[in-house]
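Okay, structure first, notes after.
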Amino acid sequence: MPIPAVPTLLLAIGGIWLIMGRWVSSSRWCDWSWIVAQLVVATAMLMEQHPPDSDSVGHLADEVWLVDSLASATQWYAWTLGLLLGIGFVSRRYYRDRSMERHAFLSIQMAGVMLIGASNDLIALALAAEVVQFASWALRKIDRLERQCADDDVRASQPDIDFSVWIGVTTSCCLWLGIALLANVTASTQFDQIRHLLSSVYIPNSGRVVIGSGSKLGLLAIGLITAGFGSRLGLFPWQIGFLENARDTSYWTAGCTILAGQLSGIVALSRLCGAVYVGYRDDISVLLLVLSGLTCVVSAALSGLGLMHGEGRLRRWVVSIPMLHSAWLTIGLLAANADAAAPEMGLAAVEGQPSSLAILFFAVAASQVGLAGLYLLLSYLSRETREVEFVDELLGLWRLHPLPAASLLVILASLIGQPPLWGFWSNWLIMVAGLNVRVSDGRENTMPHVGIIVVIAALTIATLMTAGVVIRFARTILLEQPISTIEPHGRRSALFMGSICAAVLLLVGLFPARFLVAVSTVRGIELKTTPDGPAGKHRGSATASLP
């Protein structure tokens, strides 16, 4: 089966733009041709055949690529994110602005995320993740080369900047080592074969993994793979990667690298939930709980440090917000992992309730739209020679520029879960899905798993601390007097797309059910053989299991 058509088209677009980037000097031609190319990509996605039924997916077991609802949803998510950031970069030009090369690597990023969603093989999944990481590194490199040409001081910090490369190497080593170990245990890297092997060998009638030498090695392998993909999501202990992505780069570039990494990590781990996690769902759930808690702690520490010491730098807080969202999304992954192992006990087992995977993708969309709008608006508010670095530079923004001020406040309110915005419904539904995960101890359980309760409580406290940061933003923007009348020198297209993001967050927040129904069709790889569920399951109730 060949590589899926849409990612291949995007890779071709990226290659053409890279070749032509050094020769074409007309910025207007670059912008419009890239937008037309993205419309062609959207047309290709609309013309693709519909995903096959779940019963007909079996014939793809020996293939490298999958064509299912998860792959289709990933295509649209990656394309929408790329379009928001791509259009937000058009219009005004700066000195030595390498526009075509940026659009080229953005297209390659989009293609990599799409390939992750369509992968039916661990090697293909890892290669697609490397494509995303390479494109992100290239975008950061372009940014830093442009700054180096304009500022000799950047040369002094070059060794520190290269630390991000070592983070990428470390995560890639974890990923490839885990794949090698799992291939040694299962003699395959294809999801279907791994799934059937784990469900028939490592899950006897008791529903638990038999801890022998093979299963221990398999657990180590899956843990390394989770850590490798989790680094793209911003999971501990590679939180420093977020800071490296945001340091010495423009907000637009930081948004491209952080959001593409988050989306690729979520999609990869969602694909693994129904594939290689089947044999170790309880152990992986504990790992995800720990990672979510540690991510929450780091995010709260960054926000609290800024509030306690009066830290005025924007980048520290801009990085803490996606970390917080990573922790919330990890709870959604945990619920999806439990539901994939026992779909008859998940939320979707109750008539009218969406699946945990659908809730996860609903929350991912809210997070990506909100964060993309935040980075675009901060990019628009940049000064002539530098980005906005301090909160005090936003003093009295409402009096000077009402539209970006209002859009920024709406986006920040959604990112902390303020009703009735989209972010509130995403956090609420993730909480519902997480509290649906119960203990499989053979007894009748009415309370959620204690680990879930603790992590959600910690996430709520961290969100409230981030809300304190947002309140400071609101006070600075709305109540303070402006100390400068300098006009923003960012791209007007960034303001346009950022305002659209704010409007979408408000619109979906008012009518959340319509979009939730649209993403309810997203399905991962469903198990044909599932272990027996815990005792105490009653008609009309829904539980998923943890140890």
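By convention in this document, the chains of the structure tokens carry letters A, B, ... by their order, each chain's residues are numbered from 1, and ligands are numbered from 1 in the order they are shown.
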
Handout entry: Test item: residues at most 10 Å from range 214-230 of chain A, only C-alpha atoms, excluding those fewer than 5 positions along its chain, as number ranges by chain
Key = A: 122, 125-126, 129, 168, 170-186, 198, 201-202, 209, 235-238, 261-262, 264-269, 272, 276-277, 279-280, 283-284, 287-288, 291, 326, 330

Practice task
Give me the residues within 9 Å of Trp137 in chain A as a count of residues only, counting only C-alpha atoms and dropping any in the same chain fewer than 3 places off.
Solution key: 10

Exercise: range 81-83 of chain A partners within 12 Å, only C-alpha atoms, chain neighbours under 5 positions left out, as a PDB file with N, CA and C atoms, in the first residue's frame:
ATOM      1  N   LEU A  10       1.605  17.046   0.443  1.00  0.00           N
ATOM      2  CA  LEU A  10       2.203  18.079   1.284  1.00  0.00           C
ATOM      3  C   LEU A  10       3.726  18.000   1.286  1.00  0.00           C
ATOM      4  N   ASP A  31       3.023  33.927  -0.891  1.00  0.00           N
ATOM      5  CA  ASP A  31       1.886  33.785   0.010  1.00  0.00           C
ATOM      6  C   ASP A  31       0.684  33.178  -0.697  1.00  0.00           C
ATOM      7  N   TRP A  34       1.089  29.517  -1.814  1.00  0.00           N
ATOM      8  CA  TRP A  34       1.011  28.560  -0.710  1.00  0.00           C
ATOM      9  C   TRP A  34      -0.432  28.354  -0.281  1.00  0.00           C
ATOM     10  N   ILE A  35      -1.217  29.431  -0.231  1.00  0.00           N
ATOM     11  CA  ILE A  35      -2.624  29.302   0.150  1.00  0.00           C
ATOM     12  C   ILE A  35      -3.381  28.470  -0.868  1.00  0.00           C
ATOM     13  N   VAL A  36      -3.120  28.701  -2.166  1.00  0.00           N
ATOM     14  CA  VAL A  36      -3.761  27.897  -3.206  1.00  0.00           C
ATOM     15  C   VAL A  36      -3.382  26.426  -3.061  1.00  0.00           C
ATOM     16  N   ALA A  37      -2.117  26.162  -2.748  1.00  0.00           N
ATOM     17  CA  ALA A  37      -1.676  24.779  -2.558  1.00  0.00           C
ATOM     18  C   ALA A  37      -2.429  24.121  -1.403  1.00  0.00           C
ATOM     19  N   GLN A  38      -2.694  24.864  -0.330  1.00  0.00           N
ATOM     20  CA  GLN A  38      -3.426  24.287   0.796  1.00  0.00           C
ATOM     21  C   GLN A  38      -4.888  24.029   0.438  1.00  0.00           C
ATOM     22  N   LEU A  39      -5.460  24.849  -0.418  1.00  0.00           N
ATOM     23  CA  LEU A  39      -6.818  24.579  -0.894  1.00  0.00           C
ATOM     24  C   LEU A  39      -6.857  23.314  -1.740  1.00  0.00           C
ATOM     25  N   VAL A  41      -4.872  20.775  -1.259  1.00  0.00           N
ATOM     26  CA  VAL A  41      -4.768  19.702  -0.269  1.00  0.00           C
ATOM     27  C   VAL A  41      -6.128  19.426   0.365  1.00  0.00           C
ATOM     28  N   ALA A  42      -6.866  20.484   0.707  1.00  0.00           N
ATOM     29  CA  ALA A  42      -8.197  20.299   1.295  1.00  0.00           C
ATOM     30  C   ALA A  42      -9.130  19.594   0.315  1.00  0.00           C
ATOM     31  N   THR A  74      -6.989  13.139  11.975  1.00  0.00           N
ATOM     32  CA  THR A  74      -5.645  13.703  12.088  1.00  0.00           C
ATOM     33  C   THR A  74      -5.310  14.571  10.889  1.00  0.00           C
ATOM     34  N   GLN A  75      -5.719  14.138   9.703  1.00  0.00           N
ATOM     35  CA  GLN A  75      -5.471  14.947   8.501  1.00  0.00           C
ATOM     36  C   GLN A  75      -6.109  16.321   8.629  1.00  0.00           C
ATOM     37  N   TRP A  76      -7.351  16.368   9.057  1.00  0.00           N
ATOM     38  CA  TRP A  76      -8.037  17.655   9.161  1.00  0.00           C
ATOM     39  C   TRP A  76      -7.469  18.512  10.290  1.00  0.00           C
ATOM     40  N   GLY A  88      -1.366  33.118   9.121  1.00  0.00           N
ATOM     41  CA  GLY A  88      -0.929  34.114  10.087  1.00  0.00           C
ATOM     42  C   GLY A  88       0.464  34.643   9.833  1.00  0.00           C
ATOM     43  N   PHE A  89       1.212  34.012   8.932  1.00  0.00           N
ATOM     44  CA  PHE A  89       2.574  34.456   8.642  1.00  0.00           C
ATOM     45  C   PHE A  89       2.668  35.276   7.356  1.00  0.00           C
ATOM     46  N   VAL A  90       1.603  35.366   6.582  1.00  0.00           N
ATOM     47  CA  VAL A  90       1.674  36.092   5.316  1.00  0.00           C
ATOM     48  C   VAL A  90       1.605  37.598   5.560  1.00  0.00           C
ATOM     49  N   ARG A 102      10.038  28.875   5.330  1.00  0.00           N
ATOM     50  CA  ARG A 102       9.163  28.652   6.491  1.00  0.00           C
ATOM     51  C   ARG A 102       7.901  27.907   6.078  1.00  0.00           C
ATOM     52  N   HIS A 103       7.276  28.330   5.001  1.00  0.00           N
ATOM     53  CA  HIS A 103       6.083  27.632   4.517  1.00  0.00           C
ATOM     54  C   HIS A 103       6.409  26.202   4.107  1.00  0.00           C
ATOM     55  N   ALA A 104       7.597  25.989   3.571  1.00  0.00           N
ATOM     56  CA  ALA A 104       7.993  24.641   3.168  1.00  0.00           C
ATOM     57  C   ALA A 104       8.081  23.715   4.369  1.00  0.00           C
ATOM     58  N   PHE A 105       8.777  24.147   5.405  1.00  0.00           N
ATOM     59  CA  PHE A 105       8.925  23.289   6.578  1.00  0.00           C
ATOM     60  C   PHE A 105       7.616  23.164   7.352  1.00  0.00           C
ATOM     61  N   LEU A 106       6.756  24.182   7.289  1.00  0.00           N
ATOM     62  CA  LEU A 106       5.434  24.055   7.896  1.00  0.00           C
ATOM     63  C   LEU A 106       4.636  22.971   7.174  1.00  0.00           C
ATOM     64  N   SER A 107       4.722  22.909   5.851  1.00  0.00           N
ATOM     65  CA  SER A 107       4.034  21.859   5.085  1.00  0.00           C
ATOM     66  C   SER A 107       4.591  20.484   5.421  1.00  0.00           C
ATOM     67  N   ILE A 108       5.904  20.383   5.595  1.00  0.00           N
ATOM     68  CA  ILE A 108       6.516  19.100   5.968  1.00  0.00           C
ATOM     69  C   ILE A 108       6.061  18.683   7.358  1.00  0.00           C
ATOM     70  N   GLN A 109       5.958  19.647   8.267  1.00  0.00           N
ATOM     71  CA  GLN A 109       5.416  19.361   9.605  1.00  0.00           C
ATOM     72  C   GLN A 109       4.018  18.778   9.511  1.00  0.00           C
ATOM     73  N   MET A 110       3.164  19.421   8.736  1.00  0.00           N
ATOM     74  CA  MET A 110       1.791  18.948   8.583  1.00  0.00           C
ATOM     75  C   MET A 110       1.764  17.529   8.028  1.00  0.00           C
ATOM     76  N   ALA A 111       2.602  17.266   7.030  1.00  0.00           N
ATOM     77  CA  ALA A 111       2.650  15.926   6.441  1.00  0.00           C
ATOM     78  C   ALA A 111       3.096  14.888   7.464  1.00  0.00           C
ATOM     79  N   GLY A 112       4.086  15.239   8.297  1.00  0.00           N
ATOM     80  CA  GLY A 112       4.556  14.309   9.319  1.00  0.00           C
ATOM     81  C   GLY A 112       3.471  13.944  10.315  1.00  0.00           C
ATOM     82  N   VAL A 113       2.698  14.938  10.760  1.00  0.00           N
ATOM     83  CA  VAL A 113       1.611  14.656  11.701  1.00  0.00           C
ATOM     84  C   VAL A 113       0.561  13.761  11.053  1.00  0.00           C
ATOM     85  N   MET A 114       0.250  14.012   9.784  1.00  0.00           N
ATOM     86  CA  MET A 114      -0.713  13.169   9.076  1.00  0.00           C
ATOM     87  C   MET A 114      -0.224  11.733   8.961  1.00  0.00           C
ATOM     88  N   TRP A 252       5.751  33.012  16.571  1.00  0.00           N
ATOM     89  CA  TRP A 252       5.182  32.198  15.492  1.00  0.00           C
ATOM     90  C   TRP A 252       5.919  30.868  15.394  1.00  0.00           C
ATOM     91  N   THR A 253       7.236  30.893  15.419  1.00  0.00           N
ATOM     92  CA  THR A 253       8.020  29.666  15.344  1.00  0.00           C
ATOM     93  C   THR A 253       7.805  28.799  16.572  1.00  0.00           C
ATOM     94  N   GLY A 255       5.135  28.668  18.342  1.00  0.00           N
ATOM     95  CA  GLY A 255       3.822  28.060  18.181  1.00  0.00           C
ATOM     96  C   GLY A 255       3.847  26.875  17.240  1.00  0.00           C
ATOM     97  N   CYS A 256       4.561  27.005  16.120  1.00  0.00           N
ATOM     98  CA  CYS A 256       4.659  25.900  15.152  1.00  0.00           C
ATOM     99  C   CYS A 256       5.286  24.669  15.794  1.00  0.00           C
ATOM    100  N   THR A 257       6.395  24.845  16.503  1.00  0.00           N
ATOM    101  CA  THR A 257       7.118  23.703  17.050  1.00  0.00           C
ATOM    102  C   THR A 257       6.381  23.070  18.235  1.00  0.00           C
ATOM    103  N   ILE A 258       5.861  23.892  19.140  1.00  0.00           N
ATOM    104  CA  ILE A 258       5.176  23.346  20.312  1.00  0.00           C
ATOM    105  C   ILE A 258       3.864  22.678  19.922  1.00  0.00           C
ATOM    106  N   LEU A 259       3.067  23.325  19.073  1.00  0.00           N
ATOM    107  CA  LEU A 259       1.758  22.774  18.729  1.00  0.00           C
ATOM    108  C   LEU A 259       1.872  21.544  17.846  1.00  0.00           C
ATOM    109  N   ALA A 260       2.811  21.544  16.904  1.00  0.00           N
ATOM    110  CA  ALA A 260       3.015  20.344  16.084  1.00  0.00           C
ATOM    111  C   ALA A 260       3.495  19.181  16.941  1.00  0.00           C
ATOM    112  N   GLY A 261       4.363  19.478  17.916  1.00  0.00           N
ATOM    113  CA  GLY A 261       4.816  18.424  18.816  1.00  0.00           C
ATOM    114  C   GLY A 261       3.687  17.877  19.666  1.00  0.00           C
ATOM    115  N   GLN A 262       2.849  18.747  20.194  1.00  0.00           N
ATOM    116  CA  GLN A 262       1.716  18.289  20.999  1.00  0.00           C
ATOM    117  C   GLN A 262       0.752  17.443  20.176  1.00  0.00           C
ATOM    118  N   LEU A 263       0.417  17.915  18.991  1.00  0.00           N
ATOM    119  CA  LEU A 263      -0.550  17.181  18.170  1.00  0.00           C
ATOM    120  C   LEU A 263       0.002  15.826  17.757  1.00  0.00           C
ATOM    121  N   SER A 264       1.272  15.774  17.345  1.00  0.00           N
ATOM    122  CA  SER A 264       1.857  14.498  16.937  1.00  0.00           C
ATOM    123  C   SER A 264       1.948  13.540  18.122  1.00  0.00           C
ATOM    124  N   VAL A 364      -8.380  18.393  22.353  1.00  0.00           N
ATOM    125  CA  VAL A 364      -7.192  18.726  21.566  1.00  0.00           C
ATOM    126  C   VAL A 364      -7.483  19.898  20.639  1.00  0.00           C
ATOM    127  N   ALA A 365      -8.649  19.882  19.999  1.00  0.00           N
ATOM    128  CA  ALA A 365      -9.014  20.980  19.096  1.00  0.00           C
ATOM    129  C   ALA A 365      -9.105  22.295  19.856  1.00  0.00           C
ATOM    130  N   ALA A 366      -9.732  22.272  21.036  1.00  0.00           N
ATOM    131  CA  ALA A 366      -9.848  23.493  21.836  1.00  0.00           C
ATOM    132  C   ALA A 366      -8.477  24.019  22.221  1.00  0.00           C
ATOM    133  N   SER A 367      -7.593  23.120  22.637  1.00  0.00           N
ATOM    134  CA  SER A 367      -6.249  23.537  23.043  1.00  0.00           C
ATOM    135  C   SER A 367      -5.457  24.094  21.875  1.00  0.00           C
ATOM    136  N   GLN A 368      -5.504  23.417  20.736  1.00  0.00           N
ATOM    137  CA  GLN A 368      -4.716  23.848  19.587  1.00  0.00           C
ATOM    138  C   GLN A 368      -5.199  25.179  19.035  1.00  0.00           C
ATOM    139  N   VAL A 369      -6.502  25.365  18.945  1.00  0.00           N
ATOM    140  CA  VAL A 369      -7.035  26.639  18.440  1.00  0.00           C
ATOM    141  C   VAL A 369      -6.689  27.774  19.396  1.00  0.00           C
ATOM    142  N   GLY A 370      -6.849  27.539  20.702  1.00  0.00           N
ATOM    143  CA  GLY A 370      -6.543  28.585  21.667  1.00  0.00           C
ATOM    144  C   GLY A 370      -5.070  28.964  21.683  1.00  0.00           C
ATOM    145  N   LEU A 371      -4.194  27.964  21.701  1.00  0.00           N
ATOM    146  CA  LEU A 371      -2.759  28.252  21.732  1.00  0.00           C
ATOM    147  C   LEU A 371      -2.284  28.878  20.430  1.00  0.00           C
ATOM    148  N   ALA A 372      -2.820  28.414  19.297  1.00  0.00           N
ATOM    149  CA  ALA A 372      -2.444  29.027  18.019  1.00  0.00           C
ATOM    150  C   ALA A 372      -2.833  30.502  17.992  1.00  0.00           C
ATOM    151  N   GLY A 373      -4.048  30.816  18.473  1.00  0.00           N
ATOM    152  CA  GLY A 373      -4.458  32.213  18.529  1.00  0.00           C
ATOM    153  C   GLY A 373      -3.583  33.033  19.450  1.00  0.00           C
ATOM    154  N   LEU A 376      -0.253  33.691  17.671  1.00  0.00           N
ATOM    155  CA  LEU A 376      -0.429  34.610  16.544  1.00  0.00           C
ATOM    156  C   LEU A 376      -0.615  36.052  17.032  1.00  0.00           C
ATOM    157  N   SER A 493      -2.074  39.739   9.063  1.00  0.00           N
ATOM    158  CA  SER A 493      -2.704  38.426   8.917  1.00  0.00           C
ATOM    159  C   SER A 493      -2.687  37.664  10.237  1.00  0.00           C
ATOM    160  N   ALA A 494      -1.660  37.882  11.075  1.00  0.00           N
ATOM    161  CA  ALA A 494      -1.619  37.240  12.381  1.00  0.00           C
ATOM    162  C   ALA A 494      -2.755  37.745  13.263  1.00  0.00           C
ATOM    163  N   MET A 497      -6.046  36.075  11.859  1.00  0.00           N
ATOM    164  CA  MET A 497      -6.222  34.676  12.230  1.00  0.00           C
ATOM    165  C   MET A 497      -6.376  34.516  13.748  1.00  0.00           C
ATOM    166  N   CYS A 501      -9.538  32.785  15.688  1.00  0.00           N
ATOM    167  CA  CYS A 501      -9.419  31.772  16.743  1.00  0.00           C
ATOM    168  C   CYS A 501     -10.269  32.151  17.954  1.00  0.00           C
TER     169      CYS A 501
END

Practice task
Figure out the distance between CA of Gly117 in chain A and CA of Arg271 in chain A, please, to one decimal in Å.
Solution key: 7.2 Å

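Shortest separation to Val517 in chain A among A:Leu145, A:Ala340, A:Ile359, A:Met323 occurs at residue A:Ile359, atoms counted being only C-alpha atoms.
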
Exercise for the section: Pull the helix (DSSP H, G or I) assignments for range 343-544 of chain A out of DSSP run on the backbone, and list those residues as JSON, numbers by chain. Expected result: {"A": [343, 344, 345, 347, 348, 349, 356, 357, 358, 359, 360, 361, 362, 363, 364, 365, 366, 367, 368, 369, 370, 371, 372, 373, 374, 375, 376, 377, 378, 379, 380, 391, 392, 393, 394, 397, 398, 399, 400, 402, 403, 404, 405, 406, 407, 408, 409, 410, 411, 412, 413, 414, 415, 422, 423, 424, 425, 426, 427, 428, 429, 430, 431, 432, 433, 434, 435, 450, 451, 452, 453, 454, 455, 456, 457, 458, 459, 460, 461, 462, 463, 464, 465, 466, 467, 468, 469, 470, 471, 472, 473, 474, 475, 476, 477, 478, 492, 493, 494, 495, 496, 497, 498, 499, 500, 501, 502, 503, 504, 505, 506, 507, 508, 509, 510, 512, 513, 514, 515, 516, 517, 518, 519]}

Exercise: Ser520 in chain A partners within 8 Å, only C-alpha atoms, chain neighbours under 2 positions left out, as a PDB file with all heavy atoms, in the first residue's frame:
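To be explicit, this is the file written out as out_5.pdb:
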ATOM      1  N   PRO A 354     -20.498  10.255  24.399  1.00  0.00           N
ATOM      2  CA  PRO A 354     -19.377  10.119  23.459  1.00  0.00           C
ATOM      3  C   PRO A 354     -18.299   9.215  24.053  1.00  0.00           C
ATOM      4  O   PRO A 354     -18.242   8.988  25.263  1.00  0.00           O
ATOM      5  CB  PRO A 354     -18.871  11.554  23.305  1.00  0.00           C
ATOM      6  CG  PRO A 354     -19.211  12.194  24.615  1.00  0.00           C
ATOM      7  CD  PRO A 354     -20.497  11.569  25.064  1.00  0.00           C
ATOM      8  N   SER A 355     -17.428   8.718  23.197  1.00  0.00           N
ATOM      9  CA  SER A 355     -16.310   7.911  23.670  1.00  0.00           C
ATOM     10  C   SER A 355     -15.240   8.818  24.265  1.00  0.00           C
ATOM     11  O   SER A 355     -15.200  10.024  24.006  1.00  0.00           O
ATOM     12  CB  SER A 355     -15.723   7.090  22.518  1.00  0.00           C
ATOM     13  OG  SER A 355     -15.128   7.950  21.558  1.00  0.00           O
ATOM     14  N   ALA A 358     -13.202  10.452  21.548  1.00  0.00           N
ATOM     15  CA  ALA A 358     -13.864  11.621  20.965  1.00  0.00           C
ATOM     16  C   ALA A 358     -13.714  12.843  21.868  1.00  0.00           C
ATOM     17  O   ALA A 358     -13.463  13.957  21.396  1.00  0.00           O
ATOM     18  CB  ALA A 358     -15.340  11.318  20.719  1.00  0.00           C
ATOM     19  N   ILE A 359     -13.841  12.643  23.182  1.00  0.00           N
ATOM     20  CA  ILE A 359     -13.646  13.743  24.131  1.00  0.00           C
ATOM     21  C   ILE A 359     -12.211  14.254  24.050  1.00  0.00           C
ATOM     22  O   ILE A 359     -11.952  15.462  24.101  1.00  0.00           O
ATOM     23  CB  ILE A 359     -13.998  13.280  25.554  1.00  0.00           C
ATOM     24  CG1 ILE A 359     -15.506  13.080  25.673  1.00  0.00           C
ATOM     25  CG2 ILE A 359     -13.517  14.287  26.595  1.00  0.00           C
ATOM     26  CD1 ILE A 359     -15.948  12.498  27.004  1.00  0.00           C
ATOM     27  N   LEU A 516     -18.903  18.331  19.107  1.00  0.00           N
ATOM     28  CA  LEU A 516     -18.670  17.064  19.786  1.00  0.00           C
ATOM     29  C   LEU A 516     -19.273  15.907  18.993  1.00  0.00           C
ATOM     30  O   LEU A 516     -18.677  14.820  18.918  1.00  0.00           O
ATOM     31  CB  LEU A 516     -19.269  17.104  21.192  1.00  0.00           C
ATOM     32  CG  LEU A 516     -18.975  15.900  22.094  1.00  0.00           C
ATOM     33  CD1 LEU A 516     -17.472  15.722  22.271  1.00  0.00           C
ATOM     34  CD2 LEU A 516     -19.638  16.071  23.448  1.00  0.00           C
ATOM     35  N   VAL A 517     -20.424  16.129  18.390  1.00  0.00           N
ATOM     36  CA  VAL A 517     -21.021  15.098  17.535  1.00  0.00           C
ATOM     37  C   VAL A 517     -20.129  14.814  16.334  1.00  0.00           C
ATOM     38  O   VAL A 517     -19.953  13.672  15.914  1.00  0.00           O
ATOM     39  CB  VAL A 517     -22.433  15.530  17.085  1.00  0.00           C
ATOM     40  CG1 VAL A 517     -22.959  14.619  15.985  1.00  0.00           C
ATOM     41  CG2 VAL A 517     -23.393  15.529  18.264  1.00  0.00           C
ATOM     42  N   ALA A 518     -19.507  15.867  15.783  1.00  0.00           N
ATOM     43  CA  ALA A 518     -18.647  15.689  14.614  1.00  0.00           C
ATOM     44  C   ALA A 518     -17.425  14.832  14.930  1.00  0.00           C
ATOM     45  O   ALA A 518     -16.999  14.010  14.113  1.00  0.00           O
ATOM     46  CB  ALA A 518     -18.214  17.053  14.067  1.00  0.00           C
ATOM     47  N   VAL A 522     -14.643   9.550  15.593  1.00  0.00           N
ATOM     48  CA  VAL A 522     -13.227   9.161  15.646  1.00  0.00           C
ATOM     49  C   VAL A 522     -13.097   7.862  16.437  1.00  0.00           C
ATOM     50  O   VAL A 522     -13.550   7.752  17.570  1.00  0.00           O
ATOM     51  CB  VAL A 522     -12.374  10.267  16.297  1.00  0.00           C
ATOM     52  CG1 VAL A 522     -10.920   9.836  16.370  1.00  0.00           C
ATOM     53  CG2 VAL A 522     -12.515  11.569  15.524  1.00  0.00           C
TER      54      VAL A 522
END

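Around range 411-421 of chain A, within 7 Å and counting only C-alpha atoms, the residues found are Ser367, Gly370, Gly373, Leu374, Asn427, Thr463, Thr466, Ala467, Val470, Ala502, Leu505, Leu506, Gly509 and Leu510 of chain A, once anything fewer than 6 positions away on its own chain is removed.
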
Could you write out that same residue set with all heavy atoms as a short mmCIF file (atom, residue, chain, number, x, y, z; two decimals), in the first residue's frame?
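As written to disk, result_16.cif reads:
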data_model
loop_
_atom_site.label_atom_id
_atom_site.label_comp_id
_atom_site.auth_asym_id
_atom_site.auth_seq_id
_atom_site.Cartn_x
_atom_site.Cartn_y
_atom_site.Cartn_z
N SER A 367 -7.59 23.12 22.64
CA SER A 367 -6.25 23.54 23.04
C SER A 367 -5.46 24.09 21.87
O SER A 367 -4.81 25.14 21.99
CB SER A 367 -5.51 22.35 23.66
OG SER A 367 -4.18 22.68 23.99
N GLY A 370 -6.85 27.54 20.70
CA GLY A 370 -6.54 28.58 21.67
C GLY A 370 -5.07 28.96 21.68
O GLY A 370 -4.72 30.15 21.67
N GLY A 373 -4.05 30.82 18.47
CA GLY A 373 -4.46 32.21 18.53
C GLY A 373 -3.58 33.03 19.45
O GLY A 373 -3.25 34.19 19.15
N LEU A 374 -3.16 32.46 20.59
CA LEU A 374 -2.28 33.16 21.52
C LEU A 374 -0.95 33.51 20.87
O LEU A 374 -0.48 34.67 20.95
CB LEU A 374 -2.06 32.30 22.76
CG LEU A 374 -1.07 32.83 23.80
CD1 LEU A 374 -1.58 34.13 24.41
CD2 LEU A 374 -0.82 31.80 24.89
N ASN A 427 -12.20 20.95 29.25
CA ASN A 427 -11.72 20.53 30.57
C ASN A 427 -12.78 19.77 31.35
O ASN A 427 -12.48 18.78 32.04
CB ASN A 427 -11.27 21.76 31.38
CG ASN A 427 -9.96 22.33 30.89
OD1 ASN A 427 -9.35 21.82 29.95
ND2 ASN A 427 -9.52 23.40 31.51
N THR A 463 -4.56 24.99 37.42
CA THR A 463 -5.35 25.85 36.53
C THR A 463 -5.73 27.15 37.22
O THR A 463 -5.72 28.23 36.60
CB THR A 463 -6.62 25.10 36.07
OG1 THR A 463 -6.25 23.87 35.42
CG2 THR A 463 -7.42 25.95 35.08
N THR A 466 -2.75 29.37 37.13
CA THR A 466 -2.64 29.99 35.81
C THR A 466 -3.70 31.06 35.62
O THR A 466 -3.46 32.07 34.95
CB THR A 466 -2.76 28.92 34.72
OG1 THR A 466 -1.80 27.88 34.97
CG2 THR A 466 -2.49 29.51 33.34
N ALA A 467 -4.88 30.85 36.22
CA ALA A 467 -5.92 31.89 36.16
C ALA A 467 -5.45 33.17 36.83
O ALA A 467 -5.81 34.27 36.40
CB ALA A 467 -7.19 31.38 36.81
N VAL A 470 -3.62 35.00 34.27
CA VAL A 470 -4.54 35.61 33.30
C VAL A 470 -5.19 36.86 33.89
O VAL A 470 -5.41 37.85 33.19
CB VAL A 470 -5.59 34.58 32.85
CG1 VAL A 470 -6.65 35.23 31.98
CG2 VAL A 470 -4.92 33.43 32.10
N ALA A 502 -10.24 33.42 18.34
CA ALA A 502 -11.05 33.87 19.48
C ALA A 502 -12.54 33.70 19.19
O ALA A 502 -13.30 33.26 20.06
CB ALA A 502 -10.72 35.32 19.81
N LEU A 505 -13.49 29.99 19.44
CA LEU A 505 -13.58 29.55 20.83
C LEU A 505 -14.90 29.98 21.47
O LEU A 505 -15.51 29.24 22.25
CB LEU A 505 -12.41 30.12 21.64
CG LEU A 505 -11.02 29.58 21.29
CD1 LEU A 505 -9.95 30.37 22.04
CD2 LEU A 505 -10.91 28.11 21.60
N LEU A 506 -15.36 31.17 21.13
CA LEU A 506 -16.63 31.65 21.66
C LEU A 506 -17.81 30.92 21.03
O LEU A 506 -18.74 30.50 21.72
CB LEU A 506 -16.75 33.16 21.41
CG LEU A 506 -18.04 33.83 21.88
CD1 LEU A 506 -18.24 33.65 23.38
CD2 LEU A 506 -18.04 35.31 21.51
N GLY A 509 -17.98 27.32 22.15
CA GLY A 509 -18.37 27.32 23.55
C GLY A 509 -19.87 27.49 23.75
O GLY A 509 -20.45 26.95 24.69
N LEU A 510 -20.52 28.24 22.86
CA LEU A 510 -21.96 28.45 22.94
C LEU A 510 -22.73 27.24 22.42
O LEU A 510 -23.85 26.97 22.87
CB LEU A 510 -22.36 29.71 22.18
CG LEU A 510 -21.83 31.03 22.75
CD1 LEU A 510 -22.19 32.19 21.83
CD2 LEU A 510 -22.37 31.27 24.15
#
